[in-house]
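Student: The following file, input.cif, comprises mmCIF, C-alpha atoms and all ligand atoms:
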data_data
#
loop_
_atom_site.group_PDB
_atom_site.id
_atom_site.type_symbol
_atom_site.label_atom_id
_atom_site.label_comp_id
_atom_site.auth_asym_id
_atom_site.auth_seq_id
_atom_site.Cartn_x
_atom_site.Cartn_y
_atom_site.Cartn_z
ATOM 1 C CA MET A 3 0.000 0.000 0.000
ATOM 2 C CA GLU A 4 1.434 3.396 -0.974
ATOM 3 C CA LYS A 5 2.168 5.728 1.871
ATOM 4 C CA ASN A 6 1.551 9.390 1.047
ATOM 5 C CA SER A 7 1.424 11.034 4.475
ATOM 6 C CA LEU A 8 3.448 10.858 7.664
ATOM 7 C CA THR A 9 1.905 9.364 10.756
ATOM 8 C CA ILE A 10 1.903 11.312 14.013
ATOM 9 C CA ASP A 11 4.778 9.101 15.231
ATOM 10 C CA GLU A 12 6.959 10.122 12.287
ATOM 11 C CA VAL A 13 6.734 13.921 12.431
ATOM 12 C CA ARG A 14 8.896 15.869 14.850
ATOM 13 C CA THR A 15 6.026 18.048 15.977
ATOM 14 C CA LEU A 16 2.606 19.268 14.935
ATOM 15 C CA ARG A 17 3.297 22.656 16.492
ATOM 16 C CA GLN A 18 3.015 25.557 14.051
ATOM 17 C CA ASP A 19 4.260 28.322 16.368
ATOM 18 C CA LEU A 20 7.856 29.604 16.757
ATOM 19 C CA TRP A 21 8.711 26.998 19.422
ATOM 20 C CA TRP A 22 12.378 26.949 18.341
ATOM 21 C CA VAL A 23 13.004 30.632 19.250
ATOM 22 C CA GLU A 24 13.336 30.000 22.998
ATOM 23 C CA PRO A 25 15.875 27.147 22.757
ATOM 24 C CA LEU A 26 17.815 29.130 20.169
ATOM 25 C CA LEU A 27 17.975 32.175 22.471
ATOM 26 C CA VAL A 28 19.197 29.970 25.329
ATOM 27 C CA VAL A 29 21.968 28.556 23.132
ATOM 28 C CA VAL A 30 23.072 32.065 22.125
ATOM 29 C CA VAL A 31 22.906 33.729 25.580
ATOM 30 C CA LEU A 32 24.119 30.806 27.707
ATOM 31 C CA GLY A 33 26.738 29.800 25.136
ATOM 32 C CA SER A 34 28.076 33.387 24.958
ATOM 33 C CA PHE A 35 28.155 33.593 28.750
ATOM 34 C CA VAL A 36 30.164 30.366 29.072
ATOM 35 C CA VAL A 37 32.659 31.476 26.396
ATOM 36 C CA TYR A 38 33.076 34.957 27.929
ATOM 37 C CA THR A 39 33.393 33.649 31.511
ATOM 38 C CA THR A 40 35.995 31.049 30.526
ATOM 39 C CA TRP A 41 38.013 33.672 28.667
ATOM 40 C CA ALA A 42 37.770 36.192 31.537
ATOM 41 C CA ALA A 43 38.679 33.586 34.166
ATOM 42 C CA LEU A 44 41.766 32.447 32.270
ATOM 43 C CA GLN A 45 42.978 36.010 31.665
ATOM 44 C CA ASN A 46 44.428 36.305 35.199
ATOM 45 C CA ALA A 47 44.575 40.061 34.662
ATOM 46 C CA TYR A 48 42.407 43.189 34.725
ATOM 47 C CA TYR A 49 40.103 41.877 37.451
ATOM 48 C CA TYR A 50 40.702 44.640 40.000
ATOM 49 C CA ALA A 51 40.304 48.395 39.596
ATOM 50 C CA ALA A 52 40.425 49.909 43.085
ATOM 51 C CA PRO A 53 38.089 49.662 44.894
ATOM 52 C CA TYR A 54 36.259 47.249 42.581
ATOM 53 C CA LEU A 55 36.911 43.495 42.372
ATOM 54 C CA SER A 56 35.406 41.447 39.553
ATOM 55 C CA PRO A 57 32.830 38.917 40.844
ATOM 56 C CA PHE A 58 34.491 36.206 38.729
ATOM 57 C CA TYR A 59 37.552 36.446 41.004
ATOM 58 C CA SER A 60 35.730 36.855 44.316
ATOM 59 C CA PRO A 61 36.649 35.806 46.909
ATOM 60 C CA CYS A 62 40.285 36.026 45.818
ATOM 61 C CA LEU A 63 41.933 33.209 47.751
ATOM 62 C CA SER A 64 45.591 33.169 46.723
ATOM 63 C CA THR A 65 48.160 35.484 48.253
ATOM 64 C CA ASN A 66 49.307 36.690 44.850
ATOM 65 C CA CYS A 67 45.839 38.070 43.970
ATOM 66 C CA ALA A 68 45.650 41.713 42.920
ATOM 67 C CA HIS A 69 43.214 42.140 45.821
ATOM 68 C CA VAL A 70 43.251 39.317 48.365
ATOM 69 C CA SER A 71 39.902 38.575 50.030
ATOM 70 C CA LEU A 72 40.942 35.551 52.074
ATOM 71 C CA PRO A 73 44.594 34.378 51.958
ATOM 72 C CA LEU A 74 43.958 30.624 52.050
ATOM 73 C CA ILE A 75 46.302 29.639 49.214
ATOM 74 C CA GLY A 76 50.003 30.541 49.136
ATOM 75 C CA SER A 77 51.901 32.260 46.363
ATOM 76 C CA TRP A 78 52.816 28.833 44.910
ATOM 77 C CA TRP A 79 49.480 29.106 43.082
ATOM 78 C CA ASN A 80 50.443 30.869 39.892
ATOM 79 C CA LEU A 81 47.377 30.133 37.770
ATOM 80 C CA SER A 82 44.375 32.441 37.614
ATOM 81 C CA PRO A 83 42.784 32.854 41.086
ATOM 82 C CA ALA A 84 39.377 32.677 39.359
ATOM 83 C CA ILE A 85 39.940 28.929 38.883
ATOM 84 C CA LEU A 86 39.986 28.482 42.680
ATOM 85 C CA ILE A 87 36.497 29.891 43.091
ATOM 86 C CA LEU A 88 34.574 29.886 39.823
ATOM 87 C CA TRP A 89 33.759 26.157 40.039
ATOM 88 C CA ILE A 90 31.288 27.028 42.826
ATOM 89 C CA PRO A 91 28.977 29.407 40.912
ATOM 90 C CA ALA A 92 29.516 27.303 37.772
ATOM 91 C CA GLY A 93 28.462 24.135 39.621
ATOM 92 C CA PHE A 94 25.537 25.956 41.215
ATOM 93 C CA ARG A 95 24.209 27.172 37.858
ATOM 94 C CA ALA A 96 24.969 23.930 36.005
ATOM 95 C CA THR A 97 22.971 21.875 38.531
ATOM 96 C CA CYS A 98 20.173 24.481 38.959
ATOM 97 C CA TYR A 99 16.725 22.962 38.326
ATOM 98 C CA TYR A 100 15.783 25.788 35.974
ATOM 99 C CA TYR A 101 19.006 25.778 33.935
ATOM 100 C CA ARG A 102 18.803 21.988 33.653
ATOM 101 C CA LYS A 103 15.501 22.371 31.865
ATOM 102 C CA ALA A 104 16.906 25.166 29.709
ATOM 103 C CA TYR A 105 20.064 23.405 28.558
ATOM 104 C CA TYR A 106 18.560 19.920 28.264
ATOM 105 C CA ARG A 107 16.114 21.453 25.818
ATOM 106 C CA SER A 108 18.436 23.798 23.995
ATOM 107 C CA PHE A 109 21.745 21.978 23.863
ATOM 108 C CA PHE A 110 20.637 18.336 24.073
ATOM 109 C CA GLY A 111 17.229 18.647 22.381
ATOM 110 C CA ALA A 112 15.795 16.334 25.012
ATOM 111 C CA PRO A 113 13.159 17.456 24.089
ATOM 112 C CA PRO A 114 13.684 20.873 22.399
ATOM 113 C CA ALA A 115 10.213 22.063 23.516
ATOM 114 C CA CYS A 116 6.878 20.762 24.760
ATOM 115 C CA ALA A 117 5.234 18.427 22.243
ATOM 116 C CA VAL A 118 8.394 18.267 20.095
ATOM 117 C CA ARG A 119 10.161 14.968 19.568
ATOM 118 C CA ASP A 120 13.589 14.462 21.224
ATOM 119 C CA ILE A 121 16.611 15.122 19.023
ATOM 120 C CA ALA A 122 18.939 13.231 21.360
ATOM 121 C CA ARG A 123 18.011 9.568 21.555
ATOM 122 C CA ASN A 124 20.498 8.640 24.245
ATOM 123 C CA TYR A 125 19.271 10.817 27.129
ATOM 124 C CA THR A 126 18.411 8.437 29.955
ATOM 125 C CA GLY A 127 17.335 10.816 32.697
ATOM 126 C CA GLU A 128 19.134 11.729 35.899
ATOM 127 C CA THR A 129 19.364 8.326 37.517
ATOM 128 C CA ARG A 130 22.744 7.422 36.002
ATOM 129 C CA PHE A 131 26.211 8.938 35.715
ATOM 130 C CA PRO A 132 26.912 11.732 34.847
ATOM 131 C CA PHE A 133 23.477 13.318 35.354
ATOM 132 C CA VAL A 134 23.006 11.679 38.739
ATOM 133 C CA LEU A 135 25.582 14.252 39.924
ATOM 134 C CA GLN A 136 22.880 16.909 39.498
ATOM 135 C CA ASN A 137 21.778 15.809 42.979
ATOM 136 C CA MET A 138 24.734 17.767 44.363
ATOM 137 C CA HIS A 139 22.785 20.974 43.773
ATOM 138 C CA ARG A 140 21.818 21.328 47.463
ATOM 139 C CA TYR A 141 25.527 21.314 48.442
ATOM 140 C CA PHE A 142 26.372 23.860 45.777
ATOM 141 C CA PHE A 143 23.617 26.019 47.270
ATOM 142 C CA TRP A 144 25.495 26.244 50.583
ATOM 143 C CA LEU A 145 28.807 26.995 48.881
ATOM 144 C CA ALA A 146 27.207 29.589 46.580
ATOM 145 C CA SER A 147 25.598 31.266 49.608
ATOM 146 C CA LEU A 148 29.086 31.770 51.061
ATOM 147 C CA VAL A 149 30.214 33.348 47.802
ATOM 148 C CA VAL A 150 27.219 35.714 47.952
ATOM 149 C CA VAL A 151 28.406 36.887 51.401
ATOM 150 C CA PHE A 152 31.773 37.792 49.867
ATOM 151 C CA LEU A 153 30.070 39.615 46.999
ATOM 152 C CA TRP A 154 28.217 41.791 49.509
ATOM 153 C CA TRP A 155 31.529 42.420 51.269
ATOM 154 C CA ASP A 156 33.043 43.480 47.915
ATOM 155 C CA ALA A 157 30.078 45.810 47.380
ATOM 156 C CA ILE A 158 30.732 47.407 50.791
ATOM 157 C CA LEU A 159 34.441 47.759 49.987
ATOM 158 C CA ALA A 160 33.396 49.489 46.753
ATOM 159 C CA PHE A 161 32.544 52.537 48.909
ATOM 160 C CA ARG A 162 36.151 52.729 50.142
ATOM 161 C CA PHE A 163 38.220 54.720 47.664
ATOM 162 C CA PRO A 164 41.942 55.502 48.118
ATOM 163 C CA ASP A 165 40.925 59.039 49.228
ATOM 164 C CA GLY A 166 38.139 57.873 51.557
ATOM 165 C CA PHE A 167 34.412 57.206 51.369
ATOM 166 C CA GLY A 168 32.770 57.597 47.982
ATOM 167 C CA VAL A 169 30.239 56.264 45.525
ATOM 168 C CA GLY A 170 31.074 55.593 41.919
ATOM 169 C CA ILE A 171 29.121 53.973 39.098
ATOM 170 C CA GLY A 172 31.153 50.845 39.896
ATOM 171 C CA THR A 173 29.855 50.914 43.490
ATOM 172 C CA LEU A 174 26.294 50.767 42.158
ATOM 173 C CA VAL A 175 27.227 48.066 39.641
ATOM 174 C CA LEU A 176 28.679 45.866 42.410
ATOM 175 C CA LEU A 177 25.705 46.527 44.715
ATOM 176 C CA VAL A 178 23.195 45.538 42.024
ATOM 177 C CA ASN A 179 25.290 42.472 41.250
ATOM 178 C CA ALA A 180 25.243 41.291 44.891
ATOM 179 C CA PHE A 181 21.508 41.990 45.092
ATOM 180 C CA LEU A 182 20.641 40.069 41.909
ATOM 181 C CA LEU A 183 22.830 37.115 42.840
ATOM 182 C CA SER A 184 21.148 37.048 46.263
ATOM 183 C CA LEU A 185 17.737 36.957 44.582
ATOM 184 C CA TYR A 186 18.874 34.130 42.329
ATOM 185 C CA SER A 187 20.506 32.124 45.150
ATOM 186 C CA PHE A 188 17.726 32.505 47.718
ATOM 187 C CA SER A 189 14.937 31.803 45.251
ATOM 188 C CA CYS A 190 16.570 28.387 44.663
ATOM 189 C CA HIS A 191 14.336 25.311 44.817
ATOM 190 C CA SER A 192 16.785 23.622 47.213
ATOM 191 C CA CYS A 193 16.672 26.665 49.493
ATOM 192 C CA ARG A 194 12.862 26.481 49.498
ATOM 193 C CA HIS A 195 13.030 22.806 50.386
ATOM 194 C CA MET A 196 15.490 23.405 53.216
ATOM 195 C CA CYS A 197 13.537 26.377 54.591
ATOM 196 C CA GLY A 198 10.444 24.258 55.194
ATOM 197 C CA GLY A 199 9.516 22.386 52.029
ATOM 198 C CA HIS A 200 10.764 19.167 53.630
ATOM 199 C CA LEU A 201 8.144 19.342 56.406
ATOM 200 C CA ASP A 202 4.900 17.388 56.230
ATOM 201 C CA THR A 203 3.094 20.009 58.292
ATOM 202 C CA PHE A 204 3.833 23.564 59.383
ATOM 203 C CA HIS A 205 1.519 23.253 62.362
ATOM 204 C CA ASP A 206 4.351 23.253 64.918
ATOM 205 C CA SER A 207 6.749 25.442 62.916
ATOM 206 C CA PRO A 208 5.163 28.875 62.321
ATOM 207 C CA ALA A 209 8.557 30.581 61.895
ATOM 208 C CA LYS A 210 9.611 28.077 59.255
ATOM 209 C CA TYR A 211 6.270 28.584 57.541
ATOM 210 C CA ARG A 212 6.885 32.339 57.232
ATOM 211 C CA ILE A 213 10.406 31.794 55.856
ATOM 212 C CA TRP A 214 9.150 29.127 53.435
ATOM 213 C CA GLU A 215 6.370 31.434 52.299
ATOM 214 C CA ALA A 216 8.831 34.283 51.613
ATOM 215 C CA VAL A 217 11.224 31.975 49.734
ATOM 216 C CA SER A 218 8.275 30.538 47.778
ATOM 217 C CA ARG A 219 7.383 34.035 46.593
ATOM 218 C CA LEU A 220 10.945 34.553 45.394
ATOM 219 C CA ASN A 221 10.946 31.073 43.882
ATOM 220 C CA GLU A 222 8.060 32.000 41.562
ATOM 221 C CA HIS A 223 10.471 34.305 39.696
ATOM 222 C CA HIS A 224 13.530 32.054 39.817
ATOM 223 C CA MET A 225 13.838 31.875 36.026
ATOM 224 C CA LEU A 226 13.817 35.664 35.720
ATOM 225 C CA TYR A 227 16.444 36.045 38.457
ATOM 226 C CA ALA A 228 18.540 33.326 36.811
ATOM 227 C CA TRP A 229 18.787 35.291 33.557
ATOM 228 C CA ILE A 230 19.167 38.836 34.842
ATOM 229 C CA SER A 231 21.790 37.825 37.426
ATOM 230 C CA LEU A 232 23.684 35.888 34.736
ATOM 231 C CA ILE A 233 23.779 38.846 32.365
ATOM 232 C CA TRP A 234 24.540 41.368 35.125
ATOM 233 C CA VAL A 235 27.440 39.395 36.596
ATOM 234 C CA ALA A 236 29.078 39.263 33.148
ATOM 235 C CA LEU A 237 28.503 43.016 32.697
ATOM 236 C CA THR A 238 30.003 43.653 36.148
ATOM 237 C CA ASP A 239 33.166 41.778 35.197
ATOM 238 C CA LEU A 240 33.269 43.658 31.904
ATOM 239 C CA TYR A 241 32.910 47.014 33.686
ATOM 240 C CA VAL A 242 35.781 46.270 36.109
ATOM 241 C CA ARG A 243 37.875 44.853 33.267
ATOM 242 C CA LEU A 244 37.462 47.919 31.043
ATOM 243 C CA LEU A 245 38.239 50.214 34.000
ATOM 244 C CA SER A 246 41.331 48.212 34.855
ATOM 245 C CA MET A 247 42.503 48.277 31.230
ATOM 246 C CA GLY A 248 42.025 52.047 31.136
ATOM 247 C CA VAL A 249 39.464 51.806 28.317
ATOM 248 C CA ILE A 250 36.811 53.641 30.363
ATOM 249 C CA SER A 251 36.829 55.801 33.504
ATOM 250 C CA ASP A 252 34.617 55.429 36.533
ATOM 251 C CA VAL A 253 32.232 58.301 37.258
ATOM 252 C CA ARG A 254 32.429 59.403 40.888
ATOM 253 C CA LEU A 255 28.967 60.356 42.151
ATOM 254 C CA ILE A 256 29.947 61.233 45.734
HETATM 255 S S1 LIG A 301 17.091 25.643 41.544
HETATM 256 FE FE1 LIG A 301 18.107 27.179 40.454
HETATM 257 S S2 LIG A 301 19.680 27.752 41.830
HETATM 258 FE FE2 LIG A 301 18.687 26.116 42.865
#
Show me this structure written as structure tokens.

Tutor:
Amino acid sequence: MEKNSLTIDEVRTLRQDLWWVEPLLVVVVLGSFVVYTTWAALQNAYYYAAPYLSPFYSPCLSTNCAHVSLPLIGSWWNLSPAILILWIPAGFRATCYYYRKAYYRSFFGAPPACAVRDIARNYTGETRFPFVLQNMHRYFFWLASLVVVFLWWDAILAFRFPDGFGVGIGTLVLLVNAFLLSLYSFSCHSCRHMCGGHLDTFHDSPAKYRIWEAVSRLNEHHMLYAWISLIWVALTDLYVRLLSMGVISDVRLI
């Protein structure tokens, strides 16, 4: 019998809308971010323009940093200090529940969108290596929270200019960066679980209920915070980098 039309099992999707735009945007934005961050981290230069420290290098842990935050590693470390710290935010984002959805769809095509057939045939879920490692997200949350504390400390130090107290555009850039990364970190699904989501009842834990409720409200916008904090942290590094290279000058507001 001659076959003149595809069955529903043979077509990739019956969707007629622009479903491919979202995964394409994720590939472009996330891919550009990864390329830029890797390049900036390996530069080992132009990451400090007093009083501003790039968030990609914070906290600066080796004693030969341009601006040491915490001297845990001796001067024997002669690679970029960003390598010592960047694995924490990278691991936090890579194992994030939202980003998992975004990059499984966009980079692996598993599936590219709702009601669209998988491109990758070999995706077997998160029960086996290497994707079973995604379960480490809750531990990355704790480590990333520590990094956020240092980013706030950097934002406070950004008021301390060589000639005393002041506020520059860079001060505001670092403050916004710490704020956005706090929103992203504390709207995390693991944070929500730890703040009370693990309880069967809130009856005996009214304080936990209030915290869980506040985190749940943040959690509703986790995707938004994920993207704006990602873009802003890259722009913050770029701002400090261009200042340090002498390409631009900081504007002193106070
Ligand atoms: S779920 Fe996205 S940071 Fe935890």

Student: Please provide the set of residues having any atom within 9 Å of range 135-139 of chain A, restricted to all atoms listed in the file, with same-chain residues fewer than 6 positions apart removed, written as a list of chain:residue names.

Tutor: A:Gly93, A:Phe94, A:Arg95, A:Ala96, A:Thr97, A:Cys98, A:Tyr99, A:Arg102, A:Glu128, A:Thr129, A:Ser192

Student: Applying the PyMOL selection byres (((chain A and resi 60) around 10) and not hetatm) to the file I just gave you, which residues come out? Please list them as a ChimeraX atom specification.

Tutor: /A:49,55-59,61-63,69-72,83-84,86-88,149-150,152-153,155-156

Student: What residues of the protein or nucleic acid chains come within 12 Å of ligand LIG 301 (chain A) when you use only C-alpha atoms and all ligand atoms? Reply as a VMD selection string.

Tutor: chain A and resid 90 to 104 136 to 147 183 to 196 217 to 218 220 to 229 231 to 232

Student: Work out how far CA of Val31 in chain A is from CA of Arg123 in chain A, in Å to one decimal.

Tutor: 25.0 Å

Student: Apply the PyMOL selection byres (((chain A and resi 26) around 12) and not hetatm) to the structure shown and report the selected residues as a PDB file with C-alpha atoms, in the coordinates of the input.

Tutor:
ATOM      1  CA  LEU A  20       7.856  29.604  16.757  1.00  0.00           C
ATOM      2  CA  TRP A  21       8.711  26.998  19.422  1.00  0.00           C
ATOM      3  CA  TRP A  22      12.378  26.949  18.341  1.00  0.00           C
ATOM      4  CA  VAL A  23      13.004  30.632  19.250  1.00  0.00           C
ATOM      5  CA  GLU A  24      13.336  30.000  22.998  1.00  0.00           C
ATOM      6  CA  PRO A  25      15.875  27.147  22.757  1.00  0.00           C
ATOM      7  CA  LEU A  27      17.975  32.175  22.471  1.00  0.00           C
ATOM      8  CA  VAL A  28      19.197  29.970  25.329  1.00  0.00           C
ATOM      9  CA  VAL A  29      21.968  28.556  23.132  1.00  0.00           C
ATOM     10  CA  VAL A  30      23.072  32.065  22.125  1.00  0.00           C
ATOM     11  CA  VAL A  31      22.906  33.729  25.580  1.00  0.00           C
ATOM     12  CA  LEU A  32      24.119  30.806  27.707  1.00  0.00           C
ATOM     13  CA  GLY A  33      26.738  29.800  25.136  1.00  0.00           C
ATOM     14  CA  ALA A 104      16.906  25.166  29.709  1.00  0.00           C
ATOM     15  CA  TYR A 105      20.064  23.405  28.558  1.00  0.00           C
ATOM     16  CA  ARG A 107      16.114  21.453  25.818  1.00  0.00           C
ATOM     17  CA  SER A 108      18.436  23.798  23.995  1.00  0.00           C
ATOM     18  CA  PHE A 109      21.745  21.978  23.863  1.00  0.00           C
ATOM     19  CA  PHE A 110      20.637  18.336  24.073  1.00  0.00           C
ATOM     20  CA  GLY A 111      17.229  18.647  22.381  1.00  0.00           C
ATOM     21  CA  PRO A 114      13.684  20.873  22.399  1.00  0.00           C
ATOM     22  CA  ALA A 115      10.213  22.063  23.516  1.00  0.00           C
TER      23      ALA A 115
END

Student: Given the PyMOL selection byres (((chain A and resi 160) around 7) and not hetatm) and the file above, list the residues it selects as number ranges by chain.

Tutor: A: 53-54, 156-159, 161-162, 173

Student: Please indicate the distance in Å from CA of Val169 in chain A to CA of Leu255 in chain A, rounded to one decimal place.

Tutor: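 Between CA of Val169 in chain A and CA of Leu255 in chain A the gap works out to 5.5 Å.
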
Student: Can you pull out every residue within 8 Å of Ile213 in chain A, counting all atoms listed in the file, but drop anything in the same chain fewer than 3 positions away, and send it as an MDAnalysis selection string?

Tutor: chainID A and resid 197:198 209:210 216:217

Student: Quick one: residues within 9 Å of Trp234 in chain A, only C-alpha atoms counted, chain neighbours fewer than 3 positions away excluded, as an MDAnalysis selection string?

Tutor: chainID A and resid 175 178:179 182:183 229:231 237:239

Student: I need the residue nearest Ala43 in chain A from this list: A:Ile75, A:Val134, A:Ala236, A:Leu176. Use all atoms listed in the file for the distance.

Tutor: A:Ala236

Student: Closest to Leu174 in chain A among A:Ile85, A:Tyr50, A:Asp252, A:Leu16, using all atoms listed in the file?

Tutor: A:Asp252

Student: How far is it from CA of Leu244 in chain A to CA of Ile256 in chain A, in Å with one decimal?

Tutor: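 Taking CA of Leu244 in chain A and CA of Ile256 in chain A, their separation equals 21.2 Å.
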
Student: Could you please fill out range 60-74 of chain A with N, CA and C atoms and send it back as a compact mmCIF listing (two decimals), in the frame of the given file?

Tutor:
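Output file part.txt follows:
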# COMPACT_ATOMS: atom_id res chain seq x y z
N SER A 60 36.04 36.64 42.90
CA SER A 60 35.73 36.85 44.32
C SER A 60 35.09 35.63 44.96
N PRO A 61 35.54 35.23 46.16
CA PRO A 61 36.65 35.81 46.91
C PRO A 61 37.99 35.38 46.33
N CYS A 62 38.94 36.29 46.34
CA CYS A 62 40.28 36.03 45.82
C CYS A 62 41.07 35.31 46.91
N LEU A 63 41.42 34.06 46.67
CA LEU A 63 41.93 33.21 47.75
C LEU A 63 43.45 33.04 47.77
N SER A 64 44.14 33.40 46.71
CA SER A 64 45.59 33.17 46.72
C SER A 64 46.32 34.46 47.07
N THR A 65 47.46 34.30 47.73
CA THR A 65 48.16 35.48 48.25
C THR A 65 48.73 36.36 47.14
N ASN A 66 48.81 35.83 45.94
CA ASN A 66 49.31 36.69 44.85
C ASN A 66 48.18 37.33 44.03
N CYS A 67 46.95 37.37 44.62
CA CYS A 67 45.84 38.07 43.97
C CYS A 67 46.13 39.57 43.93
N ALA A 68 45.53 40.25 42.96
CA ALA A 68 45.65 41.71 42.92
C ALA A 68 44.94 42.34 44.11
N HIS A 69 43.94 41.64 44.65
CA HIS A 69 43.21 42.14 45.82
C HIS A 69 42.76 40.91 46.61
N VAL A 70 43.52 40.56 47.64
CA VAL A 70 43.25 39.32 48.36
C VAL A 70 42.03 39.48 49.26
N SER A 71 41.07 38.54 49.14
CA SER A 71 39.90 38.58 50.03
C SER A 71 40.17 37.71 51.25
N LEU A 72 40.72 36.52 51.00
CA LEU A 72 40.94 35.55 52.07
C LEU A 72 42.20 34.75 51.69
N PRO A 73 43.33 35.00 52.40
CA PRO A 73 44.59 34.38 51.96
C PRO A 73 44.71 32.90 52.36
N LEU A 74 43.95 32.05 51.70
CA LEU A 74 43.96 30.62 52.05
C LEU A 74 45.03 29.85 51.27
